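Everything below belongs to my_file-v2.txt, which stores compact mmCIF, C-alpha atoms and all ligand atoms.
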```
# COMPACT_ATOMS: atom_id res chain seq x y z
CA MET A 93 4.25 5.47 -17.59
CA THR A 94 3.08 7.30 -20.67
CA SER A 95 -0.42 8.56 -20.03
CA LEU A 96 -2.32 9.21 -16.86
CA PRO A 97 -5.17 6.90 -15.84
CA PRO A 98 -8.72 8.32 -15.78
CA GLY A 99 -9.33 11.22 -13.43
CA GLN A 100 -5.71 11.64 -12.28
CA ARG A 101 -3.41 14.65 -12.54
CA ALA A 102 0.37 14.64 -12.24
CA ILE A 103 2.06 16.66 -9.51
CA GLY A 104 5.76 17.42 -9.28
CA GLU A 105 6.31 16.38 -5.70
CA PHE A 106 5.80 13.09 -3.89
CA PRO A 107 4.09 14.19 -0.69
CA ARG A 108 3.82 12.15 2.46
CA PHE A 109 0.13 11.28 2.48
CA GLY A 110 -2.47 9.00 4.03
CA THR A 111 -5.03 8.60 6.74
CA GLN A 112 -2.63 8.55 9.70
CA ILE A 113 -1.43 12.12 9.50
CA ARG A 114 -1.34 12.69 13.24
CA VAL A 115 0.30 9.37 14.12
CA ARG A 116 4.02 9.38 14.68
CA PRO A 117 5.15 5.94 13.49
CA VAL A 118 7.55 4.29 15.95
CA VAL A 119 9.78 1.72 14.28
CA PRO A 120 9.78 -1.46 16.40
CA ASP A 121 13.07 -2.86 17.77
CA ARG A 122 12.58 -6.29 16.23
CA LEU A 123 12.10 -6.09 12.48
CA VAL A 124 9.74 -8.93 11.62
CA LEU A 125 6.59 -9.42 9.57
CA ARG A 126 3.85 -11.25 11.41
CA VAL A 127 1.89 -13.61 9.18
CA GLY A 128 -1.52 -14.73 10.36
CA GLY A 129 -5.26 -14.69 9.82
CA ASP A 130 -6.76 -17.65 7.99
CA VAL A 131 -3.57 -19.72 7.86
CA GLU A 132 -2.61 -23.16 9.23
CA THR A 133 0.38 -21.82 11.15
CA PRO A 134 0.75 -18.19 12.14
CA CYS A 135 4.44 -17.30 11.98
CA GLU A 136 7.01 -14.55 11.64
CA ILE A 137 9.33 -13.60 8.84
CA ASP A 138 12.55 -11.97 9.84
CA PHE A 139 13.68 -9.00 7.77
CA ALA A 140 17.02 -10.82 7.32
CA GLU A 141 15.14 -13.51 5.41
CA LEU A 142 13.75 -10.90 3.05
CA ALA A 143 17.27 -9.70 2.37
CA ALA A 144 18.12 -13.15 0.97
CA LEU A 145 15.47 -12.84 -1.79
CA PRO A 146 16.33 -11.41 -5.22
CA ARG A 147 16.36 -7.60 -5.13
CA VAL A 148 14.46 -5.75 -7.82
CA GLU A 149 14.45 -2.12 -8.88
CA GLN A 150 11.31 -0.74 -10.47
CA LEU A 151 10.23 2.51 -12.06
CA SER A 152 6.52 3.05 -11.52
CA ASP A 153 3.85 5.70 -11.20
CA PHE A 154 1.91 6.26 -7.98
CA HIS A 155 -1.76 7.19 -7.99
CA CYS A 156 -3.53 8.45 -4.89
CA VAL A 157 -7.30 8.05 -4.87
CA VAL A 158 -7.80 11.76 -4.16
CA THR A 159 -6.54 12.26 -7.79
CA TRP A 160 -2.86 13.25 -7.52
CA SER A 161 -0.30 11.12 -9.32
CA ARG A 162 3.47 11.12 -9.05
CA LEU A 163 5.15 9.68 -12.13
CA GLY A 164 8.37 7.72 -12.37
CA LEU A 165 9.31 6.73 -8.82
CA ARG A 166 12.27 4.38 -8.54
CA TRP A 167 11.60 1.80 -5.85
CA SER A 168 13.73 -1.08 -4.79
CA GLY A 169 12.98 -4.08 -2.65
CA VAL A 170 11.67 -7.60 -3.13
CA ARG A 171 8.66 -8.90 -4.99
CA PHE A 172 5.67 -9.78 -2.82
CA ALA A 173 5.26 -12.87 -5.05
CA ASP A 174 8.73 -14.07 -4.00
CA VAL A 175 7.96 -13.44 -0.34
CA PHE A 176 4.72 -15.36 -0.71
CA GLU A 177 6.07 -18.28 -2.70
CA ARG A 178 9.37 -18.75 -0.88
CA LEU A 179 8.54 -17.80 2.69
CA ILE A 180 4.82 -17.53 3.37
CA ALA A 181 3.18 -20.37 1.42
CA SER A 182 5.09 -23.28 2.96
CA ARG A 183 5.52 -21.83 6.44
CA ALA A 184 2.14 -20.25 7.16
CA ARG A 185 0.08 -22.30 4.70
CA PRO A 186 -2.83 -19.88 4.03
CA ARG A 187 -6.13 -21.70 3.62
CA ALA A 188 -7.50 -21.94 0.07
CA ARG A 189 -10.60 -19.92 0.96
CA ALA A 190 -8.46 -16.97 2.09
CA ARG A 191 -8.46 -15.09 -1.19
CA TYR A 192 -7.48 -11.72 0.27
CA VAL A 193 -4.28 -10.38 1.75
CA ILE A 194 -4.57 -7.81 4.53
CA PHE A 195 -1.53 -5.59 4.95
CA ARG A 196 -1.18 -3.86 8.32
CA GLY A 197 1.00 -0.89 9.19
CA PHE A 198 2.31 -0.10 12.66
CA ASP A 199 1.04 3.49 12.47
CA GLY A 200 -2.13 3.42 14.47
CA GLY A 201 -3.93 0.46 12.94
CA PHE A 202 -3.85 1.33 9.23
CA PHE A 203 -4.67 -1.66 7.07
CA CYS A 204 -5.71 -2.41 3.52
CA THR A 205 -6.84 -5.45 1.58
CA LEU A 206 -5.91 -6.78 -1.85
CA PRO A 207 -7.08 -9.90 -3.65
CA LEU A 208 -4.17 -12.35 -3.33
CA GLU A 209 -4.23 -12.67 -7.11
CA ASP A 210 -3.58 -8.93 -7.47
CA ALA A 211 -0.90 -8.89 -4.77
CA LEU A 212 0.99 -11.63 -6.63
CA ARG A 213 1.45 -9.47 -9.73
CA PRO A 214 5.14 -9.06 -10.52
CA ASN A 215 5.09 -5.28 -9.95
CA VAL A 216 3.89 -5.52 -6.34
CA LEU A 217 6.91 -4.95 -4.12
CA LEU A 218 7.85 -4.80 -0.49
CA ALA A 219 10.16 -1.83 -0.87
CA ASP A 220 12.80 -0.43 1.44
CA ARG A 221 14.38 2.12 -0.90
CA LEU A 222 13.05 5.01 -2.96
CA ASP A 223 15.02 6.92 -5.60
CA GLY A 224 18.29 5.33 -4.50
CA LYS A 225 17.94 6.10 -0.80
CA PRO A 226 16.57 4.23 2.21
CA LEU A 227 12.85 4.91 2.69
CA THR A 228 12.17 7.85 4.96
CA LEU A 229 9.73 7.50 7.84
CA GLY A 230 7.31 9.75 5.96
CA HIS A 231 7.25 7.37 3.01
CA GLY A 232 6.83 4.22 5.06
CA ALA A 233 10.14 3.06 6.59
CA PRO A 234 11.38 0.50 7.21
CA LEU A 235 9.35 -1.46 4.64
CA ARG A 236 6.26 -0.70 2.60
CA VAL A 237 4.03 -2.21 -0.03
CA VAL A 238 4.15 -0.72 -3.54
CA ALA A 239 1.20 -1.75 -5.73
CA PRO A 240 1.36 0.54 -8.78
CA ASP A 241 -1.77 -0.77 -10.53
CA HIS A 242 -3.85 0.04 -7.45
CA TYR A 243 -4.71 3.27 -5.70
CA GLY A 244 -2.16 4.47 -3.17
CA TYR A 245 -4.21 3.28 -0.21
CA LYS A 246 -3.29 -0.29 -1.15
CA SER A 247 0.41 0.53 -0.79
CA CYS A 248 0.63 0.00 2.96
CA LYS A 249 3.49 1.88 4.64
CA HIS A 250 5.34 0.72 7.77
CA LEU A 251 4.43 -2.89 7.06
CA ALA A 252 4.16 -4.93 10.25
CA ALA A 253 1.81 -7.81 9.47
CA ILE A 254 0.33 -9.75 6.60
CA ASP A 255 -2.95 -11.53 7.27
CA PHE A 256 -5.02 -13.75 5.03
CA GLY A 257 -8.79 -13.65 4.95
CA GLU A 258 -11.84 -12.69 3.04
CA ASP A 259 -13.21 -9.52 1.60
CA SER A 260 -15.43 -9.17 4.66
CA ILE A 261 -12.46 -7.43 6.27
CA ARG A 262 -13.17 -4.02 4.89
CA GLY A 263 -10.19 -1.75 5.04
CA VAL A 264 -11.34 1.80 5.41
CA GLY A 265 -14.99 0.80 5.72
CA LEU A 266 -17.27 2.10 3.02
CA ILE A 267 -14.51 4.05 1.38
CA GLN A 268 -12.00 1.36 0.45
CA HIS A 269 -12.71 -0.61 -2.70
CA PRO A 270 -11.95 -4.32 -2.21
CA ARG A 271 -9.74 -4.26 -5.32
CA GLY A 272 -8.89 -0.64 -6.06
CA ARG A 273 -7.50 -0.93 -9.59
CA VAL A 274 -6.56 2.45 -11.03
CA ALA A 275 -7.31 1.61 -14.68
CA ALA A 276 -10.87 0.59 -13.79
CA GLU A 277 -11.33 3.62 -11.51
CA GLU A 278 -12.20 1.39 -8.57
CA ARG A 279 -11.84 4.31 -6.17
CA GLY A 280 -14.30 3.27 -3.51
CA ARG A 281 -16.84 0.75 -2.45
CA VAL A 282 -20.56 1.22 -3.19
CA LEU A 283 -20.53 4.40 -5.32
CA PRO A 284 -19.18 4.67 -8.88
CA GLY A 285 -15.62 5.86 -9.54
CA TRP A 286 -16.63 9.18 -11.10
CA PHE A 287 -18.50 10.13 -7.94
CA TYR A 288 -15.43 9.69 -5.74
CA ARG A 289 -13.33 11.37 -8.43
CA VAL A 290 -15.38 14.57 -8.29
CA LEU A 291 -15.73 14.53 -4.51
CA ASN A 292 -12.07 13.71 -3.91
CA SER A 293 -10.62 16.20 -6.36
CA ARG A 294 -12.83 19.11 -5.22
CA VAL A 295 -12.93 18.50 -1.50
CA LEU A 296 -10.29 16.08 -0.27
CA LEU A 297 -7.41 16.94 -2.59
CA PRO A 298 -6.99 20.61 -1.67
CA ALA A 299 -7.72 20.06 2.01
CA LEU A 300 -5.43 17.08 2.47
CA LEU A 301 -2.52 18.26 0.34
CA ALA A 302 -2.37 21.49 2.30
CA ARG A 303 -2.39 19.64 5.61
CA PHE A 304 0.18 17.05 4.59
CA ARG A 305 2.61 19.65 3.30
CA LYS A 306 2.86 20.73 6.94
CA TYR A 307 3.54 17.20 8.18
CA GLN A 308 6.09 15.88 5.71
CA ASP A 309 8.41 14.74 8.45
CA PRO A 310 6.55 12.74 11.08
CA THR A 311 9.54 12.57 13.49
N1 LIG B 1 0.55 2.53 7.08
C1 LIG B 1 -0.02 3.41 6.23
N2 LIG B 1 0.03 3.14 4.93
C2 LIG B 1 -0.52 3.99 4.03
C3 LIG B 1 -1.22 5.14 4.46
C4 LIG B 1 -1.26 5.41 5.86
O1 LIG B 1 -1.82 6.42 6.34
N3 LIG B 1 -0.64 4.51 6.71
N4 LIG B 1 -1.83 5.98 3.54
C5 LIG B 1 -2.08 5.42 2.20
C6 LIG B 1 -2.40 6.44 1.21
S1 LIG B 1 -3.99 7.02 1.17
C7 LIG B 1 -1.49 6.84 0.26
S2 LIG B 1 -1.90 7.87 -1.01
C8 LIG B 1 -0.08 6.39 0.34
C9 LIG B 1 0.83 7.59 0.45
O2 LIG B 1 2.17 7.21 0.42
P1 LIG B 1 3.28 8.30 0.67
O3 LIG B 1 3.06 8.90 2.03
O4 LIG B 1 4.60 7.60 0.55
O5 LIG B 1 3.09 9.34 -0.40
O6 LIG B 1 0.17 5.54 1.44
C10 LIG B 1 -0.87 4.64 1.72
N5 LIG B 1 -0.41 3.71 2.73
MO MO B 2 -4.17 8.11 -0.94
```
As structure tokens, what does this structure read like?
Ligand SMILES: Nc1nc2c(c(=O)[nH]1)N[C@H]1C(S)=C(S)[C@@H](COP(=O)(O)O)O[C@H]1N2
Ligand SMILES: [Mo]
Amino acid sequence: MTSLPPGQRAIGEFPRFGTQIRVRPVVPDRLVLRVGGDVETPCEIDFAELAALPRVEQLSDFHCVVTWSRLGLRWSGVRFADVFERLIASRARPRARARYVIFRGFDGGFFCTLPLEDALRPNVLLADRLDGKPLTLGHGAPLRVVAPDHYGYKSCKHLAAIDFGEDSIRGVGLIQHPRGRVAAEERGRVLPGWFYRVLNSRVLLPALLARFRKYQDPT
């Protein structure tokens, strides 16, 4: 929380952002997480079961790959590690070769991958509150991933499903880095971090921030 990671700049606001700008997320009637992919038993986790896990509150910074950062957000929710260990591991039984988690949102097919090892870090949350209030639709209601050590595109909003698999499932194609750690500037697949840094900050940042400021409320 003290200094910014390489190539990032702090902004005062926390804008709604992402790839699904034009999609109006529709919250499903039944609040469940579907668990599937390379598992022994695909299953569902009811949101009520999440509510029985220990609640945590966490202050963390948020770093979007296009180079804006928002410092000191106060999230609350449950740890993904608790969800995995207490609900997913015994019920779904992911296969040992499935080293990646794929998080899927219900806004038009958004998904992202994280190595399971990274997703199990204690600061990776499934959050339902931000700065003391229920998550807004713009910021990923009813439940979103928060992975502060990874670029924002790993923090899947509107979480609907958790699949297990391999890195061959490639998120946003060429763009998404399989790991996406901020400290290592793993901004994108194939090209080095500095290349995406320059491209993103000069081209994507101004264009996307301007557009998203118009679409803060997706309702
Ligand atoms: N479901 C979903 N999750 C998503 C996105 C999205 O478009 N859809 N965009 C990602 C990107 S690129 C960023 S920077 C953050 C933005 O989160 P925010 O809108 O709460 O600022 O969400 C990430 N998670
Ligand atoms: Mo982002």
Can you report as AutoDock Vina command-line options the centre and edge lengths in Å, to one decimal, of an axis-aligned box around the listed atoms of region 146-159 of chain A padded with 6 Å on each side?
```
--center_x 4.3 --center_y 0.4 --center_z -8.1 --size_x 36.2 --size_y 35.7 --size_z 19.9
```
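Residues lying within 8 Å of Pro117 (chain A), counting only C-alpha atoms and ignoring same-chain neighbours fewer than 2 positions away, are Val115, Val119, Phe198, Asp199, Gly200, Leu229, His250, Pro310 and Thr311 of chain A.
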Problem set entry | Test item: residues at most 10 Å from Val157 (chain A), all atoms listed in the file, excluding those fewer than 5 positions along its chain, as JSON, numbers by chain | {"A": [99, 100, 242, 243, 244, 245, 246, 268, 272, 274, 277, 278, 279, 280, 285, 288, 289, 292, 293, 296, 297]}
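The gap separating atom O6 of ligand LIG 1 (chain B) from CA of Val238 (chain A) is 8.9 Å, in Å to one decimal.
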Please, which residues in chain A fall within 10 Å of ligand LIG 1 (chain B) when counting all atoms listed in the file, and what is the closest atom pair and distance in Å to one decimal for each, ordered by chain then residue number, as a tab-separated table?
```
residue	atom	partner	partner_atom	distance
A:Glu105	CA	B:LIG1	O5	9.4
A:Phe106	CA	B:LIG1	O5	5.8
A:Pro107	CA	B:LIG1	O5	5.0
A:Arg108	CA	B:LIG1	O3	3.4
A:Phe109	CA	B:LIG1	O3	3.8
A:Gly110	CA	B:LIG1	N4	3.1
A:Thr111	CA	B:LIG1	O1	3.9
A:Gln112	CA	B:LIG1	O1	4.1
A:Ile113	CA	B:LIG1	O1	6.5
A:Arg114	CA	B:LIG1	O1	9.3
A:Val115	CA	B:LIG1	O1	8.6
A:Pro117	CA	B:LIG1	N1	8.6
A:Phe154	CA	B:LIG1	S2	8.1
A:His155	CA	B:LIG1	S2	7.0
A:Cys156	CA	B:LIG1	S2	4.2
A:Val157	CA	B:LIG1	S2	6.6
A:Val158	CA	B:LIG1	S2	7.7
A:Thr159	CA	B:LIG1	S2	9.3
A:Trp160	CA	B:LIG1	S2	8.5
A:Ser161	CA	B:LIG1	S2	9.1
A:Arg162	CA	B:LIG1	O5	8.8
A:Phe195	CA	B:LIG1	N1	8.6
A:Arg196	CA	B:LIG1	N1	6.7
A:Gly197	CA	B:LIG1	N1	4.0
A:Phe198	CA	B:LIG1	N1	6.4
A:Asp199	CA	B:LIG1	N1	5.5
A:Gly200	CA	B:LIG1	N1	7.9
A:Gly201	CA	B:LIG1	N1	7.7
A:Phe202	CA	B:LIG1	N1	5.0
A:Phe203	CA	B:LIG1	N1	6.7
A:Cys204	CA	B:LIG1	N2	8.1
A:Leu222	CA	B:LIG1	O4	9.5
A:Leu227	CA	B:LIG1	O4	8.9
A:Thr228	CA	B:LIG1	O4	8.8
A:Leu229	CA	B:LIG1	O4	8.9
A:Gly230	CA	B:LIG1	O3	5.9
A:His231	CA	B:LIG1	O4	3.6
A:Gly232	CA	B:LIG1	O4	6.1
A:Ala233	CA	B:LIG1	O4	9.4
A:Leu235	CA	B:LIG1	N1	10.0
A:Arg236	CA	B:LIG1	N2	7.7
A:Val237	CA	B:LIG1	N5	7.9
A:Val238	CA	B:LIG1	N5	8.9
A:Tyr243	CA	B:LIG1	S2	7.1
A:Gly244	CA	B:LIG1	S2	4.0
A:Tyr245	CA	B:LIG1	C5	3.9
A:Lys246	CA	B:LIG1	C10	6.2
A:Ser247	CA	B:LIG1	N5	4.8
A:Cys248	CA	B:LIG1	N2	3.8
A:Lys249	CA	B:LIG1	N2	3.7
A:His250	CA	B:LIG1	N1	5.2
A:Leu251	CA	B:LIG1	N1	6.7
A:Ala252	CA	B:LIG1	N1	8.9
A:Val264	CA	B:LIG1	S1	10.0
A:Gln268	CA	B:LIG1	S1	9.8
A:Phe304	CA	B:LIG1	O3	9.0
A:Gln308	CA	B:LIG1	O3	8.5
```
Written selection (C-alpha atoms) as a compact mmCIF listing (two decimals), in the coordinates of the input:
```txt
# COMPACT_ATOMS: atom_id res chain seq x y z
CA GLU A 105 6.31 16.38 -5.70
CA PHE A 106 5.80 13.09 -3.89
CA PRO A 107 4.09 14.19 -0.69
CA ARG A 108 3.82 12.15 2.46
CA PHE A 109 0.13 11.28 2.48
CA GLY A 110 -2.47 9.00 4.03
CA THR A 111 -5.03 8.60 6.74
CA GLN A 112 -2.63 8.55 9.70
CA ILE A 113 -1.43 12.12 9.50
CA ARG A 114 -1.34 12.69 13.24
CA VAL A 115 0.30 9.37 14.12
CA PRO A 117 5.15 5.94 13.49
CA PHE A 154 1.91 6.26 -7.98
CA HIS A 155 -1.76 7.19 -7.99
CA CYS A 156 -3.53 8.45 -4.89
CA VAL A 157 -7.30 8.05 -4.87
CA VAL A 158 -7.80 11.76 -4.16
CA THR A 159 -6.54 12.26 -7.79
CA TRP A 160 -2.86 13.25 -7.52
CA SER A 161 -0.30 11.12 -9.32
CA ARG A 162 3.47 11.12 -9.05
CA PHE A 195 -1.53 -5.59 4.95
CA ARG A 196 -1.18 -3.86 8.32
CA GLY A 197 1.00 -0.89 9.19
CA PHE A 198 2.31 -0.10 12.66
CA ASP A 199 1.04 3.49 12.47
CA GLY A 200 -2.13 3.42 14.47
CA GLY A 201 -3.93 0.46 12.94
CA PHE A 202 -3.85 1.33 9.23
CA PHE A 203 -4.67 -1.66 7.07
CA CYS A 204 -5.71 -2.41 3.52
CA LEU A 222 13.05 5.01 -2.96
CA LEU A 227 12.85 4.91 2.69
CA THR A 228 12.17 7.85 4.96
CA LEU A 229 9.73 7.50 7.84
CA GLY A 230 7.31 9.75 5.96
CA HIS A 231 7.25 7.37 3.01
CA GLY A 232 6.83 4.22 5.06
CA ALA A 233 10.14 3.06 6.59
CA LEU A 235 9.35 -1.46 4.64
CA ARG A 236 6.26 -0.70 2.60
CA VAL A 237 4.03 -2.21 -0.03
CA VAL A 238 4.15 -0.72 -3.54
CA TYR A 243 -4.71 3.27 -5.70
CA GLY A 244 -2.16 4.47 -3.17
CA TYR A 245 -4.21 3.28 -0.21
CA LYS A 246 -3.29 -0.29 -1.15
CA SER A 247 0.41 0.53 -0.79
CA CYS A 248 0.63 0.00 2.96
CA LYS A 249 3.49 1.88 4.64
CA HIS A 250 5.34 0.72 7.77
CA LEU A 251 4.43 -2.89 7.06
CA ALA A 252 4.16 -4.93 10.25
CA VAL A 264 -11.34 1.80 5.41
CA GLN A 268 -12.00 1.36 0.45
CA PHE A 304 0.18 17.05 4.59
CA GLN A 308 6.09 15.88 5.71
```
Problem set entry | Which residue of A:Leu300, A:Arg122, A:Leu291, A:Ala275 approaches ligand MO 2 (chain B) most closely, using only C-alpha atoms and all ligand atoms |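 Closest residue, counting only C-alpha atoms and all ligand atoms: A:Leu300.
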Exercise. For ligand MO 2 (chain B), which of A:Ile137, A:Leu301, A:Leu123, A:Asp174 is the closest residue, counting only C-alpha atoms and all ligand atoms?
Worked result: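 For ligand MO 2 (chain B), the nearest of the candidates is A:Leu301.
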Exercise. CA of Asp223 (chain A) and CA of Gly169 (chain A) are how many Å apart?
Worked result: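 According to the coordinates, CA of Asp223 (chain A) and CA of Gly169 (chain A) are separated by 11.6 Å.
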Exercise. Taking into account all atoms listed in the file, which residue in the set A:Val124, A:Ile267, A:Val290, A:Ile194 is nearest to ligand MO 2 (chain B)?
Worked result: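 Smallest separation from ligand MO 2 (chain B) among the options: A:Ile267.
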Exercise. A:Val295, A:Ala190, A:Leu208, A:Ala140: which is nearest Arg271 (chain A), counting only C-alpha atoms?
Worked result: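 Of the candidates, the smallest distance to Arg271 (chain A) is held by A:Leu208.
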For this session: Using only C-alpha atoms, collect all residues at a distance of at most 6 Å from (-6.6, -12.8, 1.5) as written in the file, then present them as a PyMOL selection string.
Result: chain A and resi 190-193+207-208+256-258
Hey, can you spit out that residue selection with C-alpha atoms as a PDB file, in the coordinates of the input?
```pdb
ATOM      1  CA  ALA A 190      -8.460 -16.970   2.090  1.00  0.00           C
ATOM      2  CA  ARG A 191      -8.460 -15.090  -1.190  1.00  0.00           C
ATOM      3  CA  TYR A 192      -7.480 -11.720   0.270  1.00  0.00           C
ATOM      4  CA  VAL A 193      -4.280 -10.380   1.750  1.00  0.00           C
ATOM      5  CA  PRO A 207      -7.080  -9.900  -3.650  1.00  0.00           C
ATOM      6  CA  LEU A 208      -4.170 -12.350  -3.330  1.00  0.00           C
ATOM      7  CA  PHE A 256      -5.020 -13.750   5.030  1.00  0.00           C
ATOM      8  CA  GLY A 257      -8.790 -13.650   4.950  1.00  0.00           C
ATOM      9  CA  GLU A 258     -11.840 -12.690   3.040  1.00  0.00           C
TER      10      GLU A 258
END
```
Exercise. What does the distance between CA of Val148 (chain A) and CA of Asp241 (chain A) come to in Å, to one decimal place?
Worked result: 17.2 Å
Exercise. Which residue out of A:Arg187, A:Arg171, A:Arg178, A:Arg101 has the minimum interatomic distance to Arg213 (chain A) when only C-alpha atoms are used?
Worked result: A:Arg171
